[in-house]
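The next block holds one structure in the form of structure tokens; read it before the comments.
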Protein chains: 2
Amino acid sequence: MGTTATEAVPEPKYWQLRTVLVRTIDQEFSTGEVLPNERDLAARFGVARATLRQALDQLELEGRLVRRRGIGTLIAAPRMGIPVAEASSRDTWRIVDCGLGPAPAAVAATLGLDATDEVHTVRRVRMMAGQAVGTETLFVPVRVMPHVPGFLAESSRARAVLKQFQALPIEGESRAVELGVAEEEQARLLERPPGIPVLVLTARYAGESGTLAVATSTYRADTCKLTFGDTGVEVRAAS
Amino acid sequence: MGTTATEAVPEPKYWQLRTVLVRTIDQEFSTGEVLPNERDLAARFGVARATLRQALDQLELEGRLVRRRGIGTLIAAPRMGIPVAEASSRDTWRIVDCGLGPAPAAVAATLGLDATDEVHTVRRVRMMAGQAVGTETLFVPVRVMPHVPGFLAESSRARAVLKQFQALPIEGESRAVELGVAEEEQARLLERPPGIPVLVLTARYAGESGTLAVATSTYRADTCKLTFGDTGVEVRAAS
DNA sequence: TAGTGGTCTAGACCACAAG
DNA sequence: TTGTGGTCTAGACCACTAA
């Protein structure tokens, strides 16, 4: 037959489609512009809508597109660089709540606590350019921070915990970044539906005697780029 | 009517399904075990196979499941912690190739090069526990590293570049992590199909006179957790 | 009200691995 | 050959936005 054997397994349509769309987007569209709707695009490329959506899913995961129900599919703005390692000179955080009680099992293990130990728990949302980009939950054992006044209102206690945290004798920090999806709680704080991909950052703050505190953060993977060290690097892609 | 308005917008089926599956997996399965096949699972939960797959997609993105064509769906092992910031005491890398020529536009901009400047380009694959977990492409301008012998074979030249890189007067490093998908090139090196989610790490190495080198890496997001600082933190999830 | 993306279905065929 | 996950289709209905 006339079929050449070189392309034994052709690439899936949605991946070919993605390649075409990447080129089209880079060449003919700019930030904020609206793509044709999914039904038209699917018809134009001669595929089912589900297949087109599979390609758009990829581009959304890469942060190139934003889809808004009722509106359309837009070209996304470049990701924001979020400084993550510094003591945060000028940051905007919104405190959500502050509790006192047992820690989740995983946190307790890292902090070296037993079941009866309690921790201060402060949750806050990180704002940038007017939108919620990340959530953070800070865990500090009560035995590390015993002098938080108990009579304070919740928001005042949160501020007290954060202030005392700044003063802790931190000797070393370690962090880990991995991929996750936002559950109901985080999704609500990020003002997005559950299931959106997030970068999960876990930070451990060590003192002489061991781990003093643990923080777990989630950042919107579609719009955020976590930066460590100096300012964000401008490199994006490089084959 | 009898409908209560409290649950105005019910959660999508695939998300409910994910919640059920998370519980089932955590309670009744352990690493390496095989789930029932997709058609049976879909039937058991009374949904279409596509809907079930949407739930499994989420769990795969979280690194809880691994799907193997022709085999089945397995419970994934915990993610490997990949140290990323250190000078890499004991690491296994496999050199792929080494070139000399103009840099990609984004890299050239970061390095402050004009169109005529050339860079050494070394690509290598990072191995862990016998499998490829990440790729790295290192870019060093020729003017920063002018004394690489030109008569060497490719693999020798790669080693020479890496060795001289270790000796560069690095004064500061900055890094950024974001989500991406593996294109053909990276996917091949990672021995996975194109489109798999990857953590894209860009590192900039600064000297007194400016940026001396740039490296862009991609790590399999399903199996890797990038760690900075000391050893990996053991915390996983925490509402 | 019209148009958009989000969800869901029921079915088909393909590529891959194992017996 | 059988059973698995991977891809693709054609269609339906829903939720949200804006005119």
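Every chain in the structure tokens takes a letter, A first, then B, and so on in the order presented; its residues are numbered from 1, and the ligands are numbered from 1 following the presented order.
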
Can you list every residue of chain D that has an atom at most 8 Å from chain A, with its nearest atom pair and the distance in Å to one decimal, using only C-alpha atoms (C1' of nucleotides), ordered by chain then number, as a Markdown table?
| residue | atom | partner | partner_atom | distance |
| --- | --- | --- | --- | --- |
| D:DT7 | C1' | A:Pro12 | CA | 7.2 |
| D:DC8 | C1' | A:Thr51 | CA | 6.8 |
| D:DT9 | C1' | A:Ala48 | CA | 6.1 |
| D:DA10 | C1' | A:Ala48 | CA | 7.6 |
| D:DC16 | C1' | A:Gly70 | CA | 5.0 |
| D:DT17 | C1' | A:Gly70 | CA | 4.7 |

Would you mind listing, for every residue of chain B within 6 Å of chain A, the two atoms forming the shortest contact and the distance between them in Å to one decimal, using only C-alpha atoms, sorted by chain and ascending residue number, as JSON lines?
{"residue": "B:Glu62", "atom": "CA", "partner": "A:Gly180", "partner_atom": "CA", "distance": 4.8}
{"residue": "B:Ala106", "atom": "CA", "partner": "A:Val235", "partner_atom": "CA", "distance": 5.2}
{"residue": "B:Val107", "atom": "CA", "partner": "A:Val235", "partner_atom": "CA", "distance": 5.8}
{"residue": "B:Ser174", "atom": "CA", "partner": "A:Gly229", "partner_atom": "CA", "distance": 4.4}
{"residue": "B:Arg175", "atom": "CA", "partner": "A:Phe228", "partner_atom": "CA", "distance": 5.0}
{"residue": "B:Ala176", "atom": "CA", "partner": "A:Thr227", "partner_atom": "CA", "distance": 4.2}
{"residue": "B:Val177", "atom": "CA", "partner": "A:Leu226", "partner_atom": "CA", "distance": 5.1}
{"residue": "B:Glu178", "atom": "CA", "partner": "A:Lys225", "partner_atom": "CA", "distance": 4.7}
{"residue": "B:Gly180", "atom": "CA", "partner": "A:Glu62", "partner_atom": "CA", "distance": 4.8}
{"residue": "B:Lys225", "atom": "CA", "partner": "A:Glu178", "partner_atom": "CA", "distance": 4.8}
{"residue": "B:Leu226", "atom": "CA", "partner": "A:Val177", "partner_atom": "CA", "distance": 5.1}
{"residue": "B:Thr227", "atom": "CA", "partner": "A:Ala176", "partner_atom": "CA", "distance": 4.2}
{"residue": "B:Phe228", "atom": "CA", "partner": "A:Arg175", "partner_atom": "CA", "distance": 5.0}
{"residue": "B:Gly229", "atom": "CA", "partner": "A:Ser174", "partner_atom": "CA", "distance": 4.4}
{"residue": "B:Asp230", "atom": "CA", "partner": "A:Ser174", "partner_atom": "CA", "distance": 5.2}
{"residue": "B:Val235", "atom": "CA", "partner": "A:Ala106", "partner_atom": "CA", "distance": 5.2}

Write to file, as an mmCIF file, in the first residue's frame, the residues of the selection just made, with all heavy atoms.
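As written to disk, part_14.cif reads:
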data_model
loop_
_atom_site.group_PDB
_atom_site.id
_atom_site.type_symbol
_atom_site.label_atom_id
_atom_site.label_comp_id
_atom_site.auth_asym_id
_atom_site.auth_seq_id
_atom_site.Cartn_x
_atom_site.Cartn_y
_atom_site.Cartn_z
ATOM 1 N N GLU B 62 -2.906 13.889 41.028
ATOM 2 C CA GLU B 62 -2.448 14.004 42.410
ATOM 3 C C GLU B 62 -1.358 13.001 42.747
ATOM 4 O O GLU B 62 -0.825 13.020 43.851
ATOM 5 C CB GLU B 62 -3.620 13.781 43.371
ATOM 6 C CG GLU B 62 -4.739 14.771 43.226
ATOM 7 C CD GLU B 62 -5.904 14.400 44.133
ATOM 8 O OE1 GLU B 62 -5.695 14.328 45.348
ATOM 9 O OE2 GLU B 62 -7.011 14.168 43.627
ATOM 10 N N ALA B 106 14.234 33.103 24.663
ATOM 11 C CA ALA B 106 13.970 33.362 26.075
ATOM 12 C C ALA B 106 15.249 33.244 26.901
ATOM 13 O O ALA B 106 15.500 34.050 27.796
ATOM 14 C CB ALA B 106 12.918 32.384 26.606
ATOM 15 N N VAL B 107 16.057 32.237 26.582
ATOM 16 C CA VAL B 107 17.307 32.041 27.307
ATOM 17 C C VAL B 107 18.273 33.172 27.011
ATOM 18 O O VAL B 107 18.927 33.722 27.913
ATOM 19 C CB VAL B 107 17.934 30.682 26.935
ATOM 20 C CG1 VAL B 107 19.303 30.532 27.574
ATOM 21 C CG2 VAL B 107 17.025 29.541 27.352
ATOM 22 N N SER B 174 18.919 31.799 41.600
ATOM 23 C CA SER B 174 17.487 31.972 41.772
ATOM 24 C C SER B 174 16.784 30.925 40.936
ATOM 25 O O SER B 174 17.270 30.519 39.885
ATOM 26 C CB SER B 174 17.045 33.375 41.369
ATOM 27 O OG SER B 174 17.269 33.584 40.005
ATOM 28 N N ARG B 175 15.648 30.495 41.437
ATOM 29 C CA ARG B 175 14.924 29.422 40.774
ATOM 30 C C ARG B 175 13.444 29.743 40.692
ATOM 31 O O ARG B 175 12.929 30.526 41.489
ATOM 32 C CB ARG B 175 15.101 28.103 41.532
ATOM 33 C CG ARG B 175 16.505 27.561 41.464
ATOM 34 C CD ARG B 175 16.605 26.237 42.179
ATOM 35 N NE ARG B 175 17.938 25.670 41.987
ATOM 36 C CZ ARG B 175 19.024 26.089 42.627
ATOM 37 N NH1 ARG B 175 18.912 27.084 43.486
ATOM 38 N NH2 ARG B 175 20.193 25.536 42.385
ATOM 39 N N ALA B 176 12.779 29.116 39.754
ATOM 40 C CA ALA B 176 11.325 29.241 39.653
ATOM 41 C C ALA B 176 10.758 27.884 39.291
ATOM 42 O O ALA B 176 11.372 27.119 38.548
ATOM 43 C CB ALA B 176 10.935 30.281 38.615
ATOM 44 N N VAL B 177 9.600 27.586 39.853
ATOM 45 C CA VAL B 177 8.908 26.332 39.570
ATOM 46 C C VAL B 177 7.521 26.643 39.052
ATOM 47 O O VAL B 177 6.810 27.460 39.636
ATOM 48 C CB VAL B 177 8.779 25.447 40.828
ATOM 49 C CG1 VAL B 177 8.045 24.155 40.497
ATOM 50 C CG2 VAL B 177 10.138 25.147 41.412
ATOM 51 N N GLU B 178 7.149 26.003 37.948
ATOM 52 C CA GLU B 178 5.782 26.152 37.452
ATOM 53 C C GLU B 178 5.340 24.851 36.811
ATOM 54 O O GLU B 178 6.125 23.934 36.607
ATOM 55 C CB GLU B 178 5.673 27.323 36.475
ATOM 56 C CG GLU B 178 6.526 27.163 35.235
ATOM 57 C CD GLU B 178 6.499 28.409 34.356
ATOM 58 O OE1 GLU B 178 5.402 28.933 34.114
ATOM 59 O OE2 GLU B 178 7.580 28.840 33.911
ATOM 60 N N GLY B 180 3.867 22.576 33.734
ATOM 61 C CA GLY B 180 3.874 22.520 32.283
ATOM 62 C C GLY B 180 3.489 21.136 31.811
ATOM 63 O O GLY B 180 3.144 20.275 32.617
ATOM 64 N N LYS B 225 8.575 15.112 43.719
ATOM 65 C CA LYS B 225 8.347 16.228 44.634
ATOM 66 C C LYS B 225 9.686 16.936 44.750
ATOM 67 O O LYS B 225 10.672 16.329 45.166
ATOM 68 C CB LYS B 225 7.887 15.664 45.971
ATOM 69 C CG LYS B 225 7.698 16.659 47.064
ATOM 70 C CD LYS B 225 7.066 16.001 48.288
ATOM 71 C CE LYS B 225 7.889 14.802 48.794
ATOM 72 N NZ LYS B 225 7.381 14.288 50.087
ATOM 73 N N LEU B 226 9.745 18.188 44.343
ATOM 74 C CA LEU B 226 11.019 18.903 44.349
ATOM 75 C C LEU B 226 11.302 19.436 45.745
ATOM 76 O O LEU B 226 10.439 20.061 46.360
ATOM 77 C CB LEU B 226 10.982 20.059 43.344
ATOM 78 C CG LEU B 226 10.605 19.683 41.924
ATOM 79 C CD1 LEU B 226 10.740 20.891 40.989
ATOM 80 C CD2 LEU B 226 11.453 18.528 41.414
ATOM 81 N N THR B 227 12.506 19.192 46.234
ATOM 82 C CA THR B 227 12.846 19.653 47.577
ATOM 83 C C THR B 227 13.981 20.662 47.524
ATOM 84 O O THR B 227 14.920 20.534 46.741
ATOM 85 C CB THR B 227 13.254 18.483 48.487
ATOM 86 O OG1 THR B 227 14.478 17.908 48.000
ATOM 87 C CG2 THR B 227 12.186 17.405 48.506
ATOM 88 N N PHE B 228 13.842 21.678 48.368
ATOM 89 C CA PHE B 228 14.834 22.747 48.479
ATOM 90 C C PHE B 228 15.309 22.791 49.923
ATOM 91 O O PHE B 228 14.505 22.674 50.844
ATOM 92 C CB PHE B 228 14.233 24.106 48.128
ATOM 93 C CG PHE B 228 13.678 24.162 46.731
ATOM 94 C CD1 PHE B 228 12.480 23.548 46.422
ATOM 95 C CD2 PHE B 228 14.342 24.832 45.731
ATOM 96 C CE1 PHE B 228 11.960 23.606 45.143
ATOM 97 C CE2 PHE B 228 13.840 24.904 44.443
ATOM 98 C CZ PHE B 228 12.640 24.287 44.147
ATOM 99 N N GLY B 229 16.590 23.007 50.089
ATOM 100 C CA GLY B 229 17.104 23.094 51.452
ATOM 101 C C GLY B 229 17.538 21.731 51.927
ATOM 102 O O GLY B 229 18.177 20.989 51.200
ATOM 103 N N ASP B 230 17.172 21.413 53.181
ATOM 104 C CA ASP B 230 17.595 20.135 53.746
ATOM 105 C C ASP B 230 16.876 18.989 53.053
ATOM 106 O O ASP B 230 16.473 19.105 51.922
ATOM 107 C CB ASP B 230 17.320 20.113 55.257
ATOM 108 C CG ASP B 230 17.821 21.386 55.910
ATOM 109 O OD1 ASP B 230 18.712 22.016 55.308
ATOM 110 O OD2 ASP B 230 17.322 21.757 56.974
ATOM 111 N N VAL B 235 5.480 15.981 55.184
ATOM 112 C CA VAL B 235 4.069 16.362 55.205
ATOM 113 C C VAL B 235 3.455 16.144 53.837
ATOM 114 O O VAL B 235 4.082 16.398 52.822
ATOM 115 C CB VAL B 235 3.918 17.836 55.595
ATOM 116 C CG1 VAL B 235 2.450 18.198 55.675
ATOM 117 C CG2 VAL B 235 4.595 18.115 56.915
#

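CA of Ile95 (chain B) lies 10.7 Å from CA of Arg157 (chain B).
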
### Task
Output the contact residues of chain C with respect to chain A at a cut-off of 10 Å, based on only C-alpha atoms (C1' of nucleotides), as an MDAnalysis selection string.
chainID C and resid 3:6 15

Export of prior selection with C-alpha atoms (C1' of nucleotides) as a PDB file, in the first residue's frame:
ATOM      1  C1'  DG C   3     -24.392  32.098  23.418  1.00  0.00           C
ATOM      2  C1'  DT C   4     -20.700  30.253  26.129  1.00  0.00           C
ATOM      3  C1'  DG C   5     -18.128  26.624  28.607  1.00  0.00           C
ATOM      4  C1'  DG C   6     -19.091  22.414  31.930  1.00  0.00           C
ATOM      5  C1'  DA C  15      -2.776   0.121  21.001  1.00  0.00           C
TER       6       DA C  15
END

### Task
Work out how far CA of Arg188 (chain B) is from CA of Gly32 (chain B), in Å to one decimal.
24.7 Å

### Query
Contacts of His120 (chain B) at 6 Å or less, counting only C-alpha atoms (C1' of nucleotides), minus same-chain residues fewer than 6 places along, as JSON, numbers by chain?
{"B": [99, 100, 139, 140]}

#### Entry: Residues flagged strand (DSSP E or B) by DSSP in region 49-215 of chain B, as an MDAnalysis selection string
chainID B and resid 65:68 72:75 80:83 92:101 119:128 131:141 172:181 197:207 210:215

For the alpha helix (DSSP H) assignment from backbone DSSP, which residues of region 24-225 of chain A qualify? Please present them as a JSON list (two decimals) with C-alpha atoms, in the first residue's frame.
[["chain", "number", "residue", "atom", "x", "y", "z"],
["A", 24, "THR", "CA", -1.88, 29.96, 16.17],
["A", 25, "ILE", "CA", -2.08, 31.46, 19.64],
["A", 26, "ASP", "CA", 1.53, 32.59, 19.70],
["A", 27, "GLN", "CA", 1.32, 34.15, 16.26],
["A", 28, "GLU", "CA", -2.15, 35.59, 15.94],
["A", 38, "GLU", "CA", -15.54, 25.41, 21.14],
["A", 39, "ARG", "CA", -18.25, 24.27, 18.75],
["A", 40, "ASP", "CA", -16.92, 26.43, 15.93],
["A", 41, "LEU", "CA", -13.32, 25.44, 16.58],
["A", 42, "ALA", "CA", -14.22, 21.75, 16.63],
["A", 43, "ALA", "CA", -16.07, 22.10, 13.34],
["A", 44, "ARG", "CA", -13.21, 24.06, 11.78],
["A", 45, "PHE", "CA", -10.72, 21.32, 12.63],
["A", 49, "ARG", "CA", -16.04, 18.87, 20.59],
["A", 50, "ALA", "CA", -14.69, 16.48, 23.24],
["A", 51, "THR", "CA", -11.49, 16.06, 21.28],
["A", 52, "LEU", "CA", -11.04, 19.79, 20.88],
["A", 53, "ARG", "CA", -11.62, 20.19, 24.61],
["A", 54, "GLN", "CA", -8.89, 17.65, 25.31],
["A", 55, "ALA", "CA", -6.48, 19.92, 23.46],
["A", 56, "LEU", "CA", -7.73, 23.03, 25.27],
["A", 57, "ASP", "CA", -7.35, 21.19, 28.60],
["A", 58, "GLN", "CA", -3.64, 20.82, 27.89],
["A", 59, "LEU", "CA", -3.23, 24.48, 27.00],
["A", 60, "GLU", "CA", -5.09, 25.50, 30.13],
["A", 61, "LEU", "CA", -2.81, 23.30, 32.25],
["A", 105, "ALA", "CA", -1.47, 13.33, 61.50],
["A", 106, "ALA", "CA", 1.05, 14.17, 58.79],
["A", 107, "VAL", "CA", 1.89, 17.52, 60.39],
["A", 108, "ALA", "CA", 2.13, 16.01, 63.86],
["A", 109, "ALA", "CA", 4.63, 13.47, 62.58],
["A", 110, "THR", "CA", 6.84, 16.14, 61.05],
["A", 111, "LEU", "CA", 6.72, 18.22, 64.19],
["A", 154, "GLU", "CA", -9.52, 35.17, 66.75],
["A", 155, "SER", "CA", -8.01, 37.68, 64.33],
["A", 156, "SER", "CA", -5.89, 39.23, 67.07],
["A", 157, "ARG", "CA", -4.65, 35.82, 68.12],
["A", 158, "ALA", "CA", -3.74, 35.08, 64.52],
["A", 159, "ARG", "CA", -1.67, 38.24, 64.34],
["A", 160, "ALA", "CA", -0.01, 37.38, 67.64],
["A", 161, "VAL", "CA", 0.94, 33.92, 66.42],
["A", 162, "LEU", "CA", 2.36, 35.32, 63.18],
["A", 163, "LYS", "CA", 4.32, 37.97, 65.03],
["A", 164, "GLN", "CA", 5.81, 35.48, 67.47],
["A", 165, "PHE", "CA", 6.56, 33.19, 64.55],
["A", 166, "GLN", "CA", 8.71, 35.92, 63.02],
["A", 184, "GLU", "CA", -13.33, 22.11, 48.59],
["A", 185, "GLU", "CA", -11.69, 24.17, 51.32],
["A", 186, "GLN", "CA", -8.76, 25.55, 49.34],
["A", 187, "ALA", "CA", -10.87, 25.92, 46.22],
["A", 188, "ARG", "CA", -13.29, 28.14, 48.09],
["A", 189, "LEU", "CA", -10.49, 30.33, 49.42]]

### Query
So what do you get for CA of Val96 (chain A) versus CA of Thr135 (chain A), distance-wise?
9.4 Å
